[in-house]
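Have a look at the structure below before the remarks.
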Amino acid sequence: MLRSMPSALTRRPAGVLVVVALLAGAWAAASAAQPSDEPDPVVTAASLLPGTPLKGEHYTIADEVRTPGVYHVFTVTSPFGTFEAEGRSQVAVRLQEIDALGRLDGLNKAGVFARSAGESLVKVGAGVVDAVSDPVATAKGIGAGVKRFGVNLGRRTKRQVQKMTTDDPSKPDESAGSKVGDAAGSAAKSVLGVNSARRRWARRIGADPYTRNPELRAALEDVAKVDAAGSIATKFIVPVPPLIGTTADVGDLVWGRDPEELRKLNEARAREIGVSNDDANAFFRNPLYTLTMQTRIIAALYATRVPGAADYLVTATDTEDPREALFFVESAEWLQKEHAASPVTRVLPDSRALVISHGRQDAVALLPLDWIRAAETTTAEFRELAARARAELGAKDLRVQVSGGMSDRAAASLTALGWRR
């Protein structure tokens with residue numbers, strides 16, 4: 001319709017009113033032909049987290065939940081700060097971080113980290129005032145969220161690696177670092193800054209030694225300094241909780257391996273699954289992946305070693321958002337679980353959504369997302385994924401698995417494209 005308008009306007013030079021009328025008609029027709037994006041769903045924390053108490057010893061989860069994109073955003077307040085959990089999978093992580101701070105605070109109050117004069121050496125939750133008064137800044141320290149519909153499920157954009165990395169891993173790019181805040185830092189800086197005492201104490205309290213949580217990271221650094229100086233007042237035994245979001249093997253690697261040793265292991269595994277040196281270096285230089293996240297995604301891909309696994313690590317490099325980086329990690333871990341249950345034979349290359357095949361003329365899209373709504377971009381992405389899965393994987397049966405849910409309109413749209421749940 002828009003292509004035909006110039007000739008119509010040429011034939012009817014009657015004035016501005018005709019032009020306006022034609023443009024208005026064309027805009028109305030174009031708008032009617034395109035479905036509008038759905039609004040945010042109305043949900044509560046109580047309905048989304050049925051097995052999690054909204055109020056615990058050290059935390060309170062606000063019942064009001066926002067869903068600006070593909071993840072529900074929860075607000076968790078505690079004596080140690082106010083934090084956001086972007087995605088249901090991250091609520092457990094935030095609660096474990098707060099529990100770890102609570103454990104350290106309890107030991108601090110018991111005088112474990114004290115000078116002979118009784119002065120505390122460890123400041124647990126020292127930034128609580130700033131955190132409560134400026135929760136947005138605190139949340140940015142952990143990682144800014146993805147934009148509305150921000151997880152692109154299609155092909156990678158092939159951005160140049162230099163936009164988010166540098167040739168010298170010990171000098172992270174300032175523009176990239178600023179996107180995640182000083183608290184996030186770079187993967188390289190995290191590696192250099194973690195010593196055995198910090199990892200040992202992180203294990204005792206079930207924390208990630210490479211955490212982006214600014215309060216927990218600061219407390220762990222204080223404890224490590226006290227421990228290294230021989231200033232621990234007493235010896236004690238505490239149960240070691242598992243590290244949320246990792247398998248037992250990955251948790252042991254993160255806690256038990258020297259960071260440089262762990263980095264070399266990750267590099268070796270990346271090469272074994274077929275990642276080139278250049279592509280591996282680009283991935284390891286991306287500051288949005290902490291050493292723990294690097295270990296998680298590589299361990300998952302290494303456990304499967306199916307055709308396309310190496311390409312997915314290359315695709316995962318192409319991100320400029322901390323939550324989207326976690327999306328790639330969680331996708332790879334889902335692949336590992338699927339492969340253990342029923343061997344996966346291939347992975348669709350050059351796809352940010354992880355689409356797998358079991359060799360039965362099937363294609364399964366694994367999406368660790370909280371919510372999918374009807375949207376033009378979503379429809380376009382699934383249309384392309386369907387065409388590629390049929391052409392490149394020989395798929396006749398298309399399935400989509402979502403860790404969360406989707407609206408009725410989104411489900412109907414996917415069904416029309418050939419996907420079933």
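Residue numbering restarts at 1 in every chain; chains get A, B, ... in the order shown in the structure tokens, and ligands count up from 1 in that same order.
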
Check your understanding: Which residues come within 10 Å of Arg263 in chain A, counting only C-alpha atoms, excluding same-chain residues fewer than 5 positions away, as an NGL selection string?
Key -> :A and (188 or 191 or 257-258 or 268-269 or 284 or 291-292 or 294-295)

Exercise for review: Give me the residues within 6 Å of range 387-400 of chain A as number ranges by chain, counting only C-alpha atoms and dropping any in the same chain fewer than 3 places off.
Suggested key: A: 361-365, 384, 419-421

Exercise for review: Would you return as a list in words the members of range 284-365 of chain A that DSSP assigns to strand (DSSP E or B) on this structure's backbone?
Suggested key: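 Here are the strand (DSSP E or B) residues of range 284-365 of chain A: Arg346, Val347, Leu354, Val355, Ile356, Ser357, Asp362, Ala363, Val364 and Ala365 of chain A.
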
Residues just named, written with C-alpha atoms as an mmCIF file, in the first residue's frame:
data_model
loop_
_atom_site.group_PDB
_atom_site.id
_atom_site.type_symbol
_atom_site.label_atom_id
_atom_site.label_comp_id
_atom_site.auth_asym_id
_atom_site.auth_seq_id
_atom_site.Cartn_x
_atom_site.Cartn_y
_atom_site.Cartn_z
ATOM 1 C CA ARG A 346 22.756 -31.435 17.148
ATOM 2 C CA VAL A 347 22.359 -27.791 18.110
ATOM 3 C CA LEU A 354 19.236 -22.801 22.091
ATOM 4 C CA VAL A 355 17.428 -25.101 19.645
ATOM 5 C CA ILE A 356 18.345 -28.781 19.931
ATOM 6 C CA SER A 357 17.560 -31.978 18.066
ATOM 7 C CA ASP A 362 12.565 -32.877 16.010
ATOM 8 C CA ALA A 363 13.634 -29.426 17.153
ATOM 9 C CA VAL A 364 13.200 -28.204 20.703
ATOM 10 C CA ALA A 365 13.747 -24.560 21.708
#

Point to revise | Closest of A:Val76, A:Asn266, A:Leu101, A:Pro68 to Lys55 in chain A - atom-to-atom distances counting only C-alpha atoms | key: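 Among A:Val76, A:Asn266, A:Leu101, A:Pro68, it is A:Val76 that comes nearest to Lys55 in chain A.
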
Practice item. Would you please work out which residue, of A:Thr319, A:Arg156, A:Ser47, A:Ser196, is nearest to Arg285 in chain A when using only C-alpha atoms? Key: A:Thr319

Check your understanding: Could you name the residues that touch Gly251 in chain A at 12 Å or less, counting only C-alpha atoms, but leaving out those on the same chain fewer than 2 positions away, as a PyMOL selection string?
Key -> chain A and resi 199+202-203+206-210+240-249+253-257+262+291-293+295-296+299

Would you output that residue set with C-alpha atoms, as a PDB file, in the first residue's frame?
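Once everything was written out, this is again-v9.pdb:
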ATOM      1  CA  ARG A 199      37.324 -18.941  48.358  1.00  0.00           C
ATOM      2  CA  ALA A 202      32.857 -18.398  50.433  1.00  0.00           C
ATOM      3  CA  ARG A 203      32.591 -22.169  50.622  1.00  0.00           C
ATOM      4  CA  GLY A 206      27.766 -21.178  50.521  1.00  0.00           C
ATOM      5  CA  ALA A 207      28.613 -18.043  48.570  1.00  0.00           C
ATOM      6  CA  ASP A 208      30.024 -17.435  45.116  1.00  0.00           C
ATOM      7  CA  PRO A 209      33.588 -16.122  45.585  1.00  0.00           C
ATOM      8  CA  TYR A 210      33.220 -14.214  42.308  1.00  0.00           C
ATOM      9  CA  VAL A 240      28.513 -25.974  53.764  1.00  0.00           C
ATOM     10  CA  PRO A 241      25.359 -25.252  51.747  1.00  0.00           C
ATOM     11  CA  PRO A 242      25.460 -25.929  48.006  1.00  0.00           C
ATOM     12  CA  LEU A 243      26.230 -23.079  45.645  1.00  0.00           C
ATOM     13  CA  ILE A 244      22.970 -22.032  43.980  1.00  0.00           C
ATOM     14  CA  GLY A 245      22.920 -22.315  40.217  1.00  0.00           C
ATOM     15  CA  THR A 246      25.789 -24.796  39.883  1.00  0.00           C
ATOM     16  CA  THR A 247      26.214 -28.532  39.822  1.00  0.00           C
ATOM     17  CA  ALA A 248      28.235 -30.119  42.613  1.00  0.00           C
ATOM     18  CA  ASP A 249      31.220 -30.482  40.278  1.00  0.00           C
ATOM     19  CA  LEU A 253      35.813 -26.233  40.960  1.00  0.00           C
ATOM     20  CA  VAL A 254      34.887 -22.662  41.852  1.00  0.00           C
ATOM     21  CA  TRP A 255      35.607 -23.115  45.539  1.00  0.00           C
ATOM     22  CA  GLY A 256      38.573 -25.469  45.328  1.00  0.00           C
ATOM     23  CA  ARG A 257      40.611 -24.403  42.302  1.00  0.00           C
ATOM     24  CA  LEU A 262      40.444 -22.833  36.823  1.00  0.00           C
ATOM     25  CA  LEU A 291      34.770 -16.847  36.414  1.00  0.00           C
ATOM     26  CA  THR A 292      31.900 -18.795  37.963  1.00  0.00           C
ATOM     27  CA  MET A 293      29.666 -18.088  34.960  1.00  0.00           C
ATOM     28  CA  THR A 295      32.916 -22.319  34.430  1.00  0.00           C
ATOM     29  CA  ARG A 296      29.189 -23.056  34.429  1.00  0.00           C
ATOM     30  CA  ALA A 299      31.193 -27.271  31.969  1.00  0.00           C
TER      31      ALA A 299
END

Exercise for review: Give me, please, the distance in Å between CA of Glu267 in chain A and CA of Ala325 in chain A, quoted to one decimal.
Suggested key: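 According to the coordinates, CA of Glu267 in chain A and CA of Ala325 in chain A are separated by 18.2 Å.
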
Exercise for review: List every residue of range 214-378 of chain A that DSSP, applied to the backbone of this structure, assigns to helix (DSSP H, G or I), and report them as a PyMOL selection string.
Suggested key: chain A and resi 214-228+248-256+259-272+277-285+291-304+309-317+322-341+376-378

Review point. Taking only C-alpha atoms into account, which of A:Thr82, A:Ser89, A:Thr345, A:Asn195 comes nearest Leu49 in chain A?
Key: A:Ser89

**Study point:** Counting only C-alpha atoms, the residue of A:His358, A:Gly308, A:Asp40, A:Glu64 that sits nearest Ala341 in chain A
**Key:** A:His358

Practice item. Figure out the distance between CA of Trp371 in chain A and CA of Asp37 in chain A, please, to one decimal in Å. Key: 13.3 Å

Study note, to complete from the structure: Correct to one decimal, the distance CA of Ile205 in chain A-CA of Leu220 in chain A is 10.0 Å

**Study point:** Polymer residues at most 10 Å from Glu333 in chain A, only C-alpha atoms, same-chain spacing of 2 or more positions, as an NGL selection string
**Key:** :A and (245-247 or 296-301 or 303-304 or 327-331 or 335-339 or 368)

Serialized selection, C-alpha atoms, as a PDB file, in the first residue's frame:
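Ended up saving to part-v4.pdb:
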ATOM      1  CA  GLY A 245      22.920 -22.315  40.217  1.00  0.00           C
ATOM      2  CA  THR A 246      25.789 -24.796  39.883  1.00  0.00           C
ATOM      3  CA  THR A 247      26.214 -28.532  39.822  1.00  0.00           C
ATOM      4  CA  ARG A 296      29.189 -23.056  34.429  1.00  0.00           C
ATOM      5  CA  ILE A 297      28.594 -22.577  30.701  1.00  0.00           C
ATOM      6  CA  ILE A 298      31.774 -24.333  29.604  1.00  0.00           C
ATOM      7  CA  ALA A 299      31.193 -27.271  31.969  1.00  0.00           C
ATOM      8  CA  ALA A 300      27.683 -27.687  30.570  1.00  0.00           C
ATOM      9  CA  LEU A 301      28.783 -27.562  26.927  1.00  0.00           C
ATOM     10  CA  ALA A 303      29.456 -32.397  29.262  1.00  0.00           C
ATOM     11  CA  THR A 304      27.461 -32.688  26.017  1.00  0.00           C
ATOM     12  CA  PHE A 327      20.463 -16.464  29.928  1.00  0.00           C
ATOM     13  CA  PHE A 328      23.186 -18.152  27.870  1.00  0.00           C
ATOM     14  CA  VAL A 329      24.581 -19.901  30.949  1.00  0.00           C
ATOM     15  CA  GLU A 330      21.159 -21.206  31.970  1.00  0.00           C
ATOM     16  CA  SER A 331      20.428 -22.301  28.389  1.00  0.00           C
ATOM     17  CA  LEU A 335      21.039 -28.485  27.337  1.00  0.00           C
ATOM     18  CA  GLN A 336      23.147 -30.564  29.713  1.00  0.00           C
ATOM     19  CA  LYS A 337      20.028 -31.806  31.535  1.00  0.00           C
ATOM     20  CA  GLU A 338      18.240 -32.616  28.275  1.00  0.00           C
ATOM     21  CA  HIS A 339      21.269 -34.498  26.988  1.00  0.00           C
ATOM     22  CA  PRO A 368      14.974 -20.187  30.412  1.00  0.00           C
TER      23      PRO A 368
END

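Excluding Asp408 in chain A and any residue on its chain fewer than 4 positions from it, the residues at most 12 Å away by only C-alpha atoms are A:Glu38, A:Pro41, A:Trp371, A:Ile372, A:Arg373, A:Ala374, A:Ala412, A:Ser413, A:Leu414, A:Thr415.
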